[in-house]
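Structure data (TSV, C-alpha atoms) from work-v1.tsv:
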chain	number	residue	atom	x	y	z
A	1	MET	CA	43.74	-13.48	16.48
A	2	ALA	CA	42.55	-10.41	18.34
A	3	GLN	CA	43.57	-8.24	15.38
A	4	VAL	CA	41.69	-10.51	12.97
A	5	ALA	CA	38.63	-10.33	15.21
A	6	GLN	CA	38.83	-6.54	15.28
A	7	VAL	CA	39.09	-6.35	11.49
A	8	LEU	CA	36.07	-8.65	11.09
A	9	PHE	CA	34.13	-6.70	13.71
A	10	TRP	CA	34.66	-3.34	12.05
A	11	MET	CA	34.12	-4.68	8.55
A	12	SER	CA	30.76	-6.00	9.73
A	13	VAL	CA	29.88	-2.69	11.40
A	14	VAL	CA	30.75	-0.72	8.25
A	15	ALA	CA	28.77	-3.10	6.03
A	16	LEU	CA	25.68	-2.91	8.25
A	17	MET	CA	25.90	0.86	8.57
A	18	TYR	CA	26.22	1.21	4.80
A	19	VAL	CA	23.23	-1.04	4.08
A	20	TYR	CA	20.83	0.66	6.48
A	21	ALA	CA	22.18	4.22	6.70
A	22	GLY	CA	25.05	4.92	4.30
A	23	TYR	CA	23.24	4.09	1.08
A	24	PRO	CA	20.05	6.02	2.00
A	25	LEU	CA	22.19	8.97	3.10
A	26	LEU	CA	24.06	8.92	-0.21
A	27	LEU	CA	20.74	9.02	-2.05
A	28	ALA	CA	19.61	11.88	0.19
A	29	VAL	CA	22.74	13.86	-0.75
A	30	LEU	CA	22.20	13.31	-4.49
A	31	PHE	CA	18.43	13.70	-4.39
A	32	PRO	CA	18.23	17.57	-4.33
A	33	PHE	CA	20.33	17.87	-7.51
A	34	PHE	CA	17.69	16.20	-9.68
A	35	ARG	CA	14.50	17.82	-10.87
A	36	GLN	CA	11.29	16.14	-9.89
A	37	TRP	CA	8.93	15.08	-12.69
A	38	ARG	CA	5.34	14.66	-11.48
A	39	PRO	CA	2.79	14.71	-14.32
A	40	GLU	CA	-0.72	15.62	-13.29
A	41	PRO	CA	-3.47	13.05	-13.96
A	42	GLY	CA	-5.02	13.39	-17.38
A	43	TYR	CA	-3.38	10.82	-19.61
A	44	THR	CA	-5.60	7.72	-19.67
A	45	PRO	CA	-4.21	4.85	-21.75
A	46	PHE	CA	-6.23	1.63	-21.91
A	47	LEU	CA	-5.41	-0.46	-18.82
A	48	SER	CA	-5.62	-4.20	-18.29
A	49	ILE	CA	-5.71	-5.00	-14.56
A	50	LEU	CA	-4.37	-8.48	-13.87
A	51	ILE	CA	-5.38	-9.88	-10.47
A	52	ALA	CA	-3.52	-13.01	-9.37
A	53	ALA	CA	-5.71	-15.30	-7.28
A	54	TYR	CA	-5.53	-18.72	-5.71
A	55	ASN	CA	-8.47	-19.87	-3.55
A	56	GLU	CA	-9.66	-16.33	-2.82
A	57	GLU	CA	-13.39	-17.00	-2.47
A	58	GLY	CA	-13.47	-15.01	0.76
A	59	GLY	CA	-12.39	-11.73	-0.82
A	60	ILE	CA	-12.45	-11.85	-4.62
A	61	ARG	CA	-15.97	-10.39	-4.91
A	62	LYS	CA	-15.06	-7.37	-2.82
A	63	LYS	CA	-11.79	-6.97	-4.73
A	64	LEU	CA	-13.63	-6.85	-8.06
A	65	GLU	CA	-16.29	-4.49	-6.76
A	66	ARG	CA	-13.63	-2.11	-5.46
A	67	THR	CA	-11.64	-2.32	-8.69
A	68	LEU	CA	-14.70	-1.56	-10.83
A	69	ALA	CA	-15.43	1.45	-8.61
A	70	LEU	CA	-11.96	3.00	-9.04
A	71	ASP	CA	-11.80	6.49	-10.55
A	72	TYR	CA	-10.79	5.64	-14.10
A	73	PRO	CA	-12.77	5.87	-17.38
A	74	ALA	CA	-14.88	2.72	-17.63
A	75	ASP	CA	-14.23	2.36	-21.34
A	76	ARG	CA	-10.45	2.54	-20.80
A	77	MET	CA	-9.96	-0.52	-18.60
A	78	ASP	CA	-10.62	-4.22	-18.30
A	79	ILE	CA	-10.00	-6.68	-15.48
A	80	ILE	CA	-8.61	-10.19	-15.80
A	81	VAL	CA	-8.64	-12.50	-12.78
A	82	LEU	CA	-5.78	-14.99	-13.10
A	83	SER	CA	-7.07	-18.01	-11.20
A	84	ASP	CA	-4.05	-20.23	-10.69
A	85	GLY	CA	-5.73	-23.61	-10.32
A	86	SER	CA	-8.18	-22.45	-7.62
A	87	THR	CA	-10.15	-25.32	-6.06
A	88	ASP	CA	-12.70	-23.27	-4.11
A	89	ARG	CA	-15.48	-20.95	-5.41
A	90	THR	CA	-13.12	-18.26	-6.76
A	91	ASP	CA	-13.85	-19.04	-10.43
A	92	GLU	CA	-17.59	-19.28	-9.84
A	93	ILE	CA	-17.69	-15.89	-8.11
A	94	VAL	CA	-15.72	-14.19	-10.89
A	95	GLU	CA	-17.95	-15.70	-13.57
A	96	SER	CA	-21.04	-14.37	-11.76
A	97	PHE	CA	-20.08	-10.77	-12.62
A	98	SER	CA	-22.10	-9.46	-15.54
A	99	ASP	CA	-19.87	-6.45	-16.16
A	100	PRO	CA	-18.17	-7.05	-19.55
A	101	ARG	CA	-14.94	-5.56	-18.22
A	102	VAL	CA	-14.41	-8.57	-15.93
A	103	ARG	CA	-12.83	-11.68	-17.42
A	104	LEU	CA	-11.63	-14.93	-15.87
A	105	LEU	CA	-8.51	-16.75	-17.00
A	106	LYS	CA	-8.35	-20.26	-15.59
A	107	VAL	CA	-4.71	-21.29	-15.37
A	108	LYS	CA	-4.46	-25.05	-15.27
A	109	GLY	CA	-1.83	-27.03	-13.46
A	110	ARG	CA	-1.01	-24.59	-10.62
A	111	LYS	CA	2.12	-23.08	-12.09
A	112	GLY	CA	2.48	-20.02	-9.87
A	113	LYS	CA	1.87	-16.28	-9.94
A	114	THR	CA	4.54	-15.34	-12.47
A	115	ASN	CA	3.33	-17.93	-14.96
A	116	ALA	CA	-0.26	-16.73	-14.47
A	117	GLN	CA	0.85	-13.17	-15.19
A	118	ASN	CA	2.59	-14.33	-18.38
A	119	GLU	CA	-0.62	-16.00	-19.57
A	120	GLY	CA	-2.68	-12.96	-18.58
A	121	ALA	CA	-0.37	-10.63	-20.52
A	122	ASN	CA	-0.93	-12.78	-23.63
A	123	ILE	CA	-4.66	-12.02	-23.68
A	124	ALA	CA	-4.60	-8.52	-22.21
A	125	ARG	CA	-5.86	-5.71	-24.45
A	126	GLY	CA	-4.35	-2.82	-22.51
A	127	GLU	CA	-1.51	-0.56	-23.54
A	128	VAL	CA	-0.49	-0.69	-19.88
A	129	LEU	CA	-0.69	-3.77	-17.64
A	130	ILE	CA	-1.50	-3.29	-13.94
A	131	PHE	CA	-0.56	-6.14	-11.59
A	132	SER	CA	-2.45	-6.61	-8.33
A	133	ASP	CA	-3.19	-9.21	-5.67
A	134	ALA	CA	-6.65	-10.25	-4.55
A	135	THR	CA	-6.19	-8.78	-1.07
A	136	THR	CA	-4.83	-5.37	-2.00
A	137	ILE	CA	-7.01	-2.27	-1.59
A	138	TYR	CA	-6.30	0.57	-4.04
A	139	HIS	CA	-6.81	4.25	-3.38
A	140	PRO	CA	-9.68	5.49	-5.61
A	141	GLN	CA	-7.30	7.46	-7.85
A	142	ALA	CA	-4.40	4.97	-7.84
A	143	LEU	CA	-4.93	3.97	-11.47
A	144	ARG	CA	-5.00	7.58	-12.67
A	145	TYR	CA	-1.70	8.32	-10.94
A	146	LEU	CA	-0.02	5.19	-12.31
A	147	ALA	CA	-1.33	5.70	-15.83
A	148	THR	CA	-0.35	9.34	-16.18
A	149	ASN	CA	3.36	8.44	-16.01
A	150	TYR	CA	3.08	6.69	-19.38
A	151	VAL	CA	2.63	10.02	-21.15
A	152	ASP	CA	6.44	9.88	-21.25
A	153	PRO	CA	7.45	7.25	-23.84
A	154	ARG	CA	10.66	6.62	-21.90
A	155	VAL	CA	8.73	5.14	-18.94
A	156	GLY	CA	8.52	1.36	-19.19
A	157	ALA	CA	7.17	0.56	-15.72
A	158	ALA	CA	5.65	2.44	-12.80
A	159	SER	CA	5.27	1.27	-9.23
A	160	GLY	CA	2.76	2.42	-6.68
A	161	ARG	CA	3.32	2.71	-2.96
A	162	TYR	CA	2.56	0.15	-0.24
A	163	GLN	CA	0.78	1.34	2.89
A	164	TYR	CA	0.60	-1.51	5.39
A	165	PHE	CA	-1.85	-1.59	8.28
A	166	ASP	CA	-2.49	-3.90	11.23
A	167	PRO	CA	-6.30	-3.80	11.68
A	168	GLN	CA	-6.43	-5.32	15.16
A	169	GLY	CA	-3.04	-4.10	16.32
A	170	GLN	CA	-2.21	-7.67	17.37
A	171	SER	CA	0.43	-8.66	14.82
A	172	PRO	CA	3.80	-9.34	16.49
A	173	THR	CA	5.57	-7.94	13.43
A	174	GLY	CA	2.96	-5.34	12.43
A	175	LEU	CA	4.80	-2.20	13.50
A	176	GLY	CA	8.03	-3.54	12.05
A	177	THR	CA	6.31	-4.11	8.70
A	178	VAL	CA	4.85	-0.59	8.68
A	179	ALA	CA	8.19	1.00	9.65
A	180	PHE	CA	10.17	-1.07	7.15
A	181	TRP	CA	7.92	-0.20	4.21
A	182	ASN	CA	7.89	3.49	5.08
A	183	TYR	CA	11.69	3.28	4.99
A	184	GLU	CA	11.57	1.36	1.67
A	185	ASN	CA	9.18	3.85	0.12
A	186	PHE	CA	11.50	6.71	1.08
A	187	ILE	CA	14.42	4.96	-0.66
A	188	LYS	CA	12.34	4.24	-3.79
A	189	MET	CA	11.20	7.85	-3.96
A	190	MET	CA	14.83	9.05	-3.99
A	191	GLN	CA	15.95	6.36	-6.45
A	192	SER	CA	13.17	7.30	-8.85
A	193	ARG	CA	13.98	11.00	-8.78
A	194	ILE	CA	17.70	10.41	-9.31
A	195	ARG	CA	17.15	8.10	-12.25
A	196	THR	CA	15.19	4.85	-11.93
A	197	ILE	CA	14.08	2.38	-9.28
A	198	SER	CA	15.35	-1.20	-9.49
A	199	GLY	CA	12.23	-3.02	-8.30
A	200	CYS	CA	8.49	-2.44	-7.91
A	201	CYS	CA	5.89	-3.06	-5.18
A	202	GLY	CA	4.33	-6.41	-6.04
A	203	CYS	CA	0.71	-5.55	-5.23
A	204	ILE	CA	0.59	-2.33	-7.25
A	205	TYR	CA	2.87	-2.00	-10.21
A	206	SER	CA	2.44	-1.52	-13.93
A	207	VAL	CA	4.35	-2.23	-17.13
A	208	ARG	CA	4.01	-0.78	-20.59
A	209	ARG	CA	2.72	-3.61	-22.78
A	210	ALA	CA	5.55	-3.06	-25.25
A	211	ALA	CA	8.10	-3.43	-22.44
A	212	TYR	CA	6.66	-6.64	-20.97
A	213	THR	CA	8.93	-9.70	-20.96
A	214	PRO	CA	7.65	-13.26	-20.29
A	215	LEU	CA	9.45	-14.58	-17.21
A	216	ALA	CA	10.42	-17.98	-15.84
A	217	PRO	CA	7.81	-19.19	-13.31
A	218	ASP	CA	10.29	-19.34	-10.41
A	219	VAL	CA	11.37	-15.67	-10.47
A	220	ILE	CA	9.63	-12.81	-8.70
A	221	SER	CA	8.03	-10.60	-11.32
A	222	ASP	CA	7.91	-7.28	-9.43
A	223	LEU	CA	11.72	-7.28	-9.24
A	224	VAL	CA	12.68	-8.88	-12.54
A	225	GLN	CA	10.03	-7.39	-14.86
A	226	PRO	CA	11.23	-3.80	-14.17
A	227	LEU	CA	14.84	-4.92	-14.66
A	228	HIS	CA	13.97	-6.24	-18.11
A	229	ALA	CA	12.34	-2.89	-18.88
A	230	ILE	CA	15.58	-1.17	-17.83
A	231	ARG	CA	17.56	-3.52	-20.09
A	232	LYS	CA	15.35	-2.41	-22.98
A	233	GLY	CA	16.24	1.22	-22.33
A	234	TYR	CA	13.16	2.27	-20.35
A	235	ARG	CA	12.98	4.11	-17.07
A	236	VAL	CA	11.09	2.71	-14.04
A	237	ILE	CA	9.16	5.24	-11.94
A	238	PHE	CA	8.03	5.21	-8.32
A	239	GLU	CA	4.62	6.92	-8.14
A	240	ASP	CA	4.07	7.61	-4.45
A	241	ARG	CA	0.61	9.08	-5.07
A	242	ALA	CA	-0.68	5.68	-6.25
A	243	LEU	CA	-1.46	4.07	-2.90
A	244	ALA	CA	-2.20	0.42	-2.17
A	245	TYR	CA	-3.28	-0.72	1.27
A	246	GLU	CA	-2.30	-4.19	2.45
A	247	GLU	CA	-2.89	-5.93	5.76
A	248	THR	CA	0.18	-7.12	7.65
A	249	THR	CA	0.66	-10.80	8.32
A	250	GLN	CA	-0.78	-11.85	11.67
A	251	SER	CA	1.94	-14.21	12.88
A	252	THR	CA	5.72	-14.39	12.82
A	253	SER	CA	5.62	-17.75	11.04
A	254	GLU	CA	3.49	-16.31	8.21
A	255	GLU	CA	5.87	-13.38	7.82
A	256	PHE	CA	8.91	-15.65	7.86
A	257	SER	CA	7.48	-18.06	5.26
A	258	MET	CA	6.44	-15.19	3.01
A	259	ARG	CA	9.86	-13.52	3.24
A	260	VAL	CA	11.70	-16.78	2.48
A	261	ARG	CA	9.59	-17.24	-0.64
A	262	VAL	CA	10.04	-13.63	-1.76
A	263	VAL	CA	13.81	-13.47	-1.17
A	264	THR	CA	14.50	-16.89	-2.73
A	265	ARG	CA	12.60	-15.88	-5.85
A	266	GLY	CA	14.29	-12.47	-5.78
A	267	ILE	CA	17.80	-13.95	-5.70
A	268	GLY	CA	16.95	-16.35	-8.51
A	269	GLY	CA	15.39	-13.54	-10.49
A	270	LEU	CA	18.38	-11.25	-10.11
A	271	LEU	CA	20.72	-14.04	-11.20
A	272	SER	CA	18.61	-14.37	-14.37
A	273	VAL	CA	19.65	-10.83	-15.34
A	274	SER	CA	23.14	-11.06	-13.85
A	275	GLU	CA	24.62	-8.69	-16.43
A	276	LEU	CA	22.91	-5.85	-14.55
A	277	LEU	CA	25.18	-6.63	-11.59
A	278	LYS	CA	28.27	-5.67	-13.61
A	279	PRO	CA	29.17	-2.04	-12.75
A	280	TRP	CA	31.23	-1.57	-15.93
A	281	LYS	CA	28.14	-2.40	-17.99
A	282	SER	CA	25.18	-1.16	-15.96
A	283	GLY	CA	26.66	1.64	-13.87
A	284	TRP	CA	24.09	3.25	-11.60
A	285	VAL	CA	21.59	0.38	-11.87
A	286	SER	CA	24.29	-2.08	-10.81
A	287	PHE	CA	25.21	0.16	-7.89
A	288	GLN	CA	21.58	0.22	-6.74
A	289	LEU	CA	21.21	-3.56	-7.01
A	290	TRP	CA	24.35	-4.25	-5.01
A	291	SER	CA	23.51	-1.63	-2.37
A	292	HIS	CA	19.79	-2.21	-2.04
A	293	LYS	CA	19.43	-5.92	-2.84
A	294	VAL	CA	22.57	-8.05	-2.70
A	295	LEU	CA	24.07	-6.52	0.44
A	296	ARG	CA	20.62	-6.62	2.12
A	297	TRP	CA	20.45	-10.37	1.52
A	298	LEU	CA	23.94	-10.74	3.03
A	299	VAL	CA	23.04	-8.89	6.24
A	300	PRO	CA	22.52	-12.10	8.31
A	301	PHE	CA	26.10	-13.11	7.52
A	302	PHE	CA	27.34	-9.67	8.60
A	303	LEU	CA	25.33	-10.01	11.82
A	304	PHE	CA	26.78	-13.45	12.55
A	305	THR	CA	30.33	-12.19	11.92
A	306	LEU	CA	29.69	-9.18	14.14
A	307	LEU	CA	28.46	-11.34	17.02
A	308	ALA	CA	31.20	-13.97	16.69
A	309	SER	CA	34.02	-11.41	16.54
A	310	ASN	CA	32.42	-9.45	19.39
A	311	LEU	CA	32.37	-12.57	21.58
A	312	PHE	CA	36.07	-13.05	20.91
A	313	LEU	CA	36.75	-9.45	21.97
A	314	TRP	CA	34.49	-9.43	25.05
A	315	GLY	CA	37.43	-8.89	27.42
A	316	GLN	CA	37.86	-5.26	26.27
A	317	PRO	CA	35.45	-2.75	27.90
A	318	PHE	CA	34.31	-1.10	24.66
A	319	TYR	CA	33.54	-4.39	22.92
A	320	ARG	CA	31.90	-5.72	26.08
A	321	LEU	CA	29.45	-2.81	25.96
A	322	ILE	CA	28.63	-3.49	22.29
A	323	LEU	CA	28.16	-7.17	23.08
A	324	LEU	CA	25.75	-6.27	25.88
A	325	GLY	CA	23.72	-4.18	23.43
A	326	GLN	CA	23.55	-7.08	21.00
A	327	MET	CA	22.47	-9.47	23.73
A	328	ILE	CA	19.67	-7.13	24.86
A	329	PHE	CA	18.48	-6.82	21.26
A	330	TYR	CA	18.30	-10.59	20.77
A	331	VAL	CA	16.72	-11.19	24.18
A	332	ILE	CA	13.92	-8.77	23.24
A	333	THR	CA	13.50	-10.72	19.99
A	334	VAL	CA	13.18	-14.06	21.80
A	335	LEU	CA	10.78	-12.60	24.37
A	336	SER	CA	8.64	-11.21	21.55
A	337	LEU	CA	8.38	-14.71	20.13
A	338	LEU	CA	7.22	-16.12	23.46
A	339	VAL	CA	4.99	-13.35	24.83
A	340	PRO	CA	3.41	-10.26	23.17
A	341	ILE	CA	5.67	-7.70	24.86
A	342	GLN	CA	5.12	-5.31	21.93
A	343	ARG	CA	1.69	-4.59	23.40
A	344	LEU	CA	3.43	-2.92	26.33
A	345	TRP	CA	5.41	-0.63	24.02
A	346	LYS	CA	5.01	-0.95	20.23
A	347	PRO	CA	8.67	-0.28	19.27
A	348	LEU	CA	9.55	-3.56	21.01
A	349	ALA	CA	8.15	-5.28	17.89
A	350	ILE	CA	10.93	-3.91	15.68
A	351	PRO	CA	13.73	-6.30	16.81
A	352	LEU	CA	11.49	-9.30	16.07
A	353	TYR	CA	10.68	-8.03	12.59
A	354	PHE	CA	14.34	-7.22	11.89
A	355	CYS	CA	15.43	-10.71	12.94
A	356	THR	CA	12.57	-12.35	11.04
A	357	LEU	CA	13.63	-10.57	7.85
A	358	ASN	CA	17.24	-11.58	8.23
A	359	ALA	CA	16.55	-15.15	9.33
A	360	ALA	CA	14.45	-15.45	6.18
A	361	ALA	CA	17.25	-13.96	4.07
A	362	PHE	CA	19.71	-16.45	5.54
A	363	CYS	CA	17.42	-19.40	4.77
A	364	SER	CA	16.80	-18.03	1.28
A	365	VAL	CA	20.50	-17.85	0.45
A	366	ILE	CA	20.92	-21.44	1.66
A	367	GLU	CA	17.93	-22.57	-0.40
A	368	VAL	CA	19.31	-20.91	-3.52
A	369	LEU	CA	22.68	-22.61	-2.97
A	370	ARG	CA	20.84	-25.92	-2.63
A	371	GLY	CA	18.97	-25.26	-5.87
A	372	LYS	CA	15.50	-25.00	-4.29
A	373	LYS	CA	12.88	-22.87	-6.05
A	374	HIS	CA	9.53	-21.39	-4.95
A	375	VAL	CA	6.97	-21.28	-7.76
A	376	VAL	CA	3.52	-21.40	-6.12
A	377	TRP	CA	2.09	-19.74	-3.03
A	378	GLU	CA	-0.40	-20.83	-0.39
A	379	THR	CA	-3.29	-18.63	0.71
A	380	VAL	CA	-3.18	-18.11	4.48
A	381	ARG	CA	-6.34	-16.01	4.70
A	382	THR	CA	-9.80	-17.35	5.43
If you took the structure in this file and wrote it as structure tokens, what would it be?
Amino acid sequence: MAQVAQVLFWMSVVALMYVYAGYPLLLAVLFPFFRQWRPEPGYTPFLSILIAAYNEEGGIRKKLERTLALDYPADRMDIIVLSDGSTDRTDEIVESFSDPRVRLLKVKGRKGKTNAQNEGANIARGEVLIFSDATTIYHPQALRYLATNYVDPRVGAASGRYQYFDPQGQSPTGLGTVAFWNYENFIKMMQSRIRTISGCCGCIYSVRRAAYTPLAPDVISDLVQPLHAIRKGYRVIFEDRALAYEETTQSTSEEFSMRVRVVTRGIGGLLSVSELLKPWKSGWVSFQLWSHKVLRWLVPFFLFTLLASNLFLWGQPFYRLILLGQMIFYVITVLSLLVPIQRLWKPLAIPLYFCTLNAAAFCSVIEVLRGKKHVVWETVRT
């Protein structure tokens, strides 16, 4: 039994090290051997900006004003607000705009963000579709940087870069969110240079109209839409100069609920294009999906196996030391849930964010196995 426990322990260690360090290091080794392609702004195809909104009366006016003020030719863009069954003043506020570039699409029946995007794509006039959320703030030149990538006919989708911020510095998971997305952006940058990324940033990504694929309402579009573009022979680019600023969630429960919804939809979405998981058919793309998605979602099971096998081996000094480290990590997590210890030293917020992500991944896997789907979202802002 001790030998079995040791095998499980080290298998878990290797899996966790590969997910968080091995895969990024492999990309870092390959990265210098590929030439970077960074077209300068100048190409300006007609853009349709699709803004998904549900009960966003508190911020939709500012979102539209900021979007209209972005540095992009006024005659080369239009804006469609996809109001997914809003019951507040969202529709009224959008309709009050006299600018002919602003249109409102009322989606009846509350069918979710992906369905709203499908309906928006049907009426969009743009050669390139830009997908945004009502709360996201774009850098003034974000559209120019996204659009210029489409000068290459091989590009089917282009993702911008998330930059999270915690305005009051009070979020228990704020620093973890910022650190995690800086890490994610670094991985996407290397993936893109080597060949293609396998998923976009949901608040700022774009798709060539010709590459767009209508999706089932229960899948997450920013993962699955780029995968369909890859299936059609296109490349998906990460444009790190196209910045989008998003506020972190302000409570652990909000972050957990959001992550459960995102991961559940992500797993379902990936299963809808399961042929891309076959290495003998999809090669490098399959390798990325297994390394960056599937194994990430399995991390909570690796962590549980690591802890259980470590408890069985606690009598040996080396394993006792590792177990002590794990216990300290989880104690910090529990304390962070009870009292704001991250205000004493900000890095203390990272264990809570790490555990929140993986608790959500665990629940998501269980929900997928039970056949549960997440189609709509609830606005938590006021």
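Between CA of Val224 in chain A and CA of Arg209 in chain A there is a distance of 15.2 Å.
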Margin query: Excluding range 325-331 of chain A and its own-chain neighbours fewer than 5 positions away, which residues fall within 10 Å of it when counting only C-alpha atoms? Please give them as number ranges by chain.
Written below: A: 303, 306-307, 310, 319-320, 336-337, 348, 350-352, 355
Can you spit out the residues from that selection as a short mmCIF file (atom, residue, chain, number, x, y, z; two decimals), in the frame of the given file, using C-alpha atoms?
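The new file out39.cif reads:
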data_model
loop_
_atom_site.label_atom_id
_atom_site.label_comp_id
_atom_site.auth_asym_id
_atom_site.auth_seq_id
_atom_site.Cartn_x
_atom_site.Cartn_y
_atom_site.Cartn_z
CA LEU A 303 25.33 -10.01 11.82
CA LEU A 306 29.69 -9.18 14.14
CA LEU A 307 28.46 -11.34 17.02
CA ASN A 310 32.42 -9.45 19.39
CA TYR A 319 33.54 -4.39 22.92
CA ARG A 320 31.90 -5.72 26.08
CA SER A 336 8.64 -11.21 21.55
CA LEU A 337 8.38 -14.71 20.13
CA LEU A 348 9.55 -3.56 21.01
CA ILE A 350 10.93 -3.91 15.68
CA PRO A 351 13.73 -6.30 16.81
CA LEU A 352 11.49 -9.30 16.07
CA CYS A 355 15.43 -10.71 12.94
#
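Rounded to one decimal, CA of Arg235 in chain A and CA of Ser132 in chain A lie 20.7 Å from each other.
For the choices A:Asp222, A:Asp71, A:Glu57, A:Glu367, the atom-to-atom distance to Pro41 in chain A is smallest for A:Asp71 when using only C-alpha atoms.
Closest to Ala158 in chain A among A:Pro45, A:Pro226, A:Gly371, A:Pro300 is A:Pro226, based on only C-alpha atoms.
Of the listed residues (A:Arg38, A:Arg261, A:Gly202, A:Ala53), A:Arg38 comes nearest to Val151 in chain A; the distances count only C-alpha atoms.
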Calculate, to one decimal in Å, the centre and edge lengths of the box along x, y and z of the file that holds all listed atoms of range 9-15 of chain A with 8 Å of margin on each side, and present them as JSON.
{"center_x": 31.7, "center_y": -3.7, "center_z": 9.9, "size_x": 21.9, "size_y": 22.0, "size_z": 23.7}
Checklist line | Selected residue, from A:Ala52, A:Leu64, A:Gly268, A:Glu275, that lies nearest to Val219 in chain A when counting only C-alpha atoms | finding: A:Gly268
List every residue of range 198-248 of chain A that has an atom at most 10 Å from any atom of range 166-188 of chain A, and for each one report the closest atom pair and its distance in Å to one decimal, counting only C-alpha atoms, with rows sorted by chain and then by increasing residue number, as JSON lines.
{"residue": "A:Ser198", "atom": "CA", "partner": "A:Lys188", "partner_atom": "CA", "distance": 8.4}
{"residue": "A:Gly199", "atom": "CA", "partner": "A:Lys188", "partner_atom": "CA", "distance": 8.5}
{"residue": "A:Cys200", "atom": "CA", "partner": "A:Lys188", "partner_atom": "CA", "distance": 8.7}
{"residue": "A:Cys201", "atom": "CA", "partner": "A:Asn185", "partner_atom": "CA", "distance": 9.3}
{"residue": "A:Ile237", "atom": "CA", "partner": "A:Lys188", "partner_atom": "CA", "distance": 8.8}
{"residue": "A:Phe238", "atom": "CA", "partner": "A:Lys188", "partner_atom": "CA", "distance": 6.3}
{"residue": "A:Glu239", "atom": "CA", "partner": "A:Lys188", "partner_atom": "CA", "distance": 9.3}
{"residue": "A:Asp240", "atom": "CA", "partner": "A:Asn185", "partner_atom": "CA", "distance": 7.8}
{"residue": "A:Glu246", "atom": "CA", "partner": "A:Asp166", "partner_atom": "CA", "distance": 8.8}
{"residue": "A:Glu247", "atom": "CA", "partner": "A:Asp166", "partner_atom": "CA", "distance": 5.8}
{"residue": "A:Thr248", "atom": "CA", "partner": "A:Asp166", "partner_atom": "CA", "distance": 5.5}
Note to self: Need the shell around Val294 in chain A: protein/DNA/RNA residues with any atom at most 12 Å away, counting all atoms listed in the file. Skip same-chain ones fewer than 4 positions apart. Format as a ChimeraX atom specification?
What the structure shows: /A:15,19,263-264,266-271,274,277,286-290,298-301,361,365
Notebook entry, point to check: Can you list, as a PyMOL selection string, every protein, DNA or RNA residue that comes within 10 Å of Asn149 in chain A when you count all atoms listed in the file, leaving out same-chain residues fewer than 3 positions away?
Noted result: chain A and resi 37-44+144-146+152-158+236-239
Next item on the list: Considering all atoms listed in the file, return as number ranges by chain whatever protein or nucleic-acid residues lie within 10 Å of Lys106 in chain A, sequence-local ones (same chain, fewer than 3 positions apart) excluded.
Entry: A: 81-86, 91, 103, 109-110, 116, 119-120
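For the pair CA of Phe362 in chain A and CA of Val376 in chain A, the separation is 20.6 Å.
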Item checked: Nearest candidate to Leu30 in chain A (options A:Gln225, A:Thr252, A:Ser192, A:Ser282; using only C-alpha atoms) -> A:Ser192
Notebook entry, point to check: From the set A:Thr135, A:Ser257, A:Leu25, A:Val128, which residue has the shortest atom-to-atom contact distance to Ala211 in chain A, counting only C-alpha atoms?
Noted result: A:Val128
Next item on the list: Give as an MDAnalysis selection string every residue, naming chains and numbers as the document does, that has an atom within 6 Å of (2.2, -5.3, -15.4), counting all atoms listed in the file.
Entry: chainID A and resid 129:131 206:207
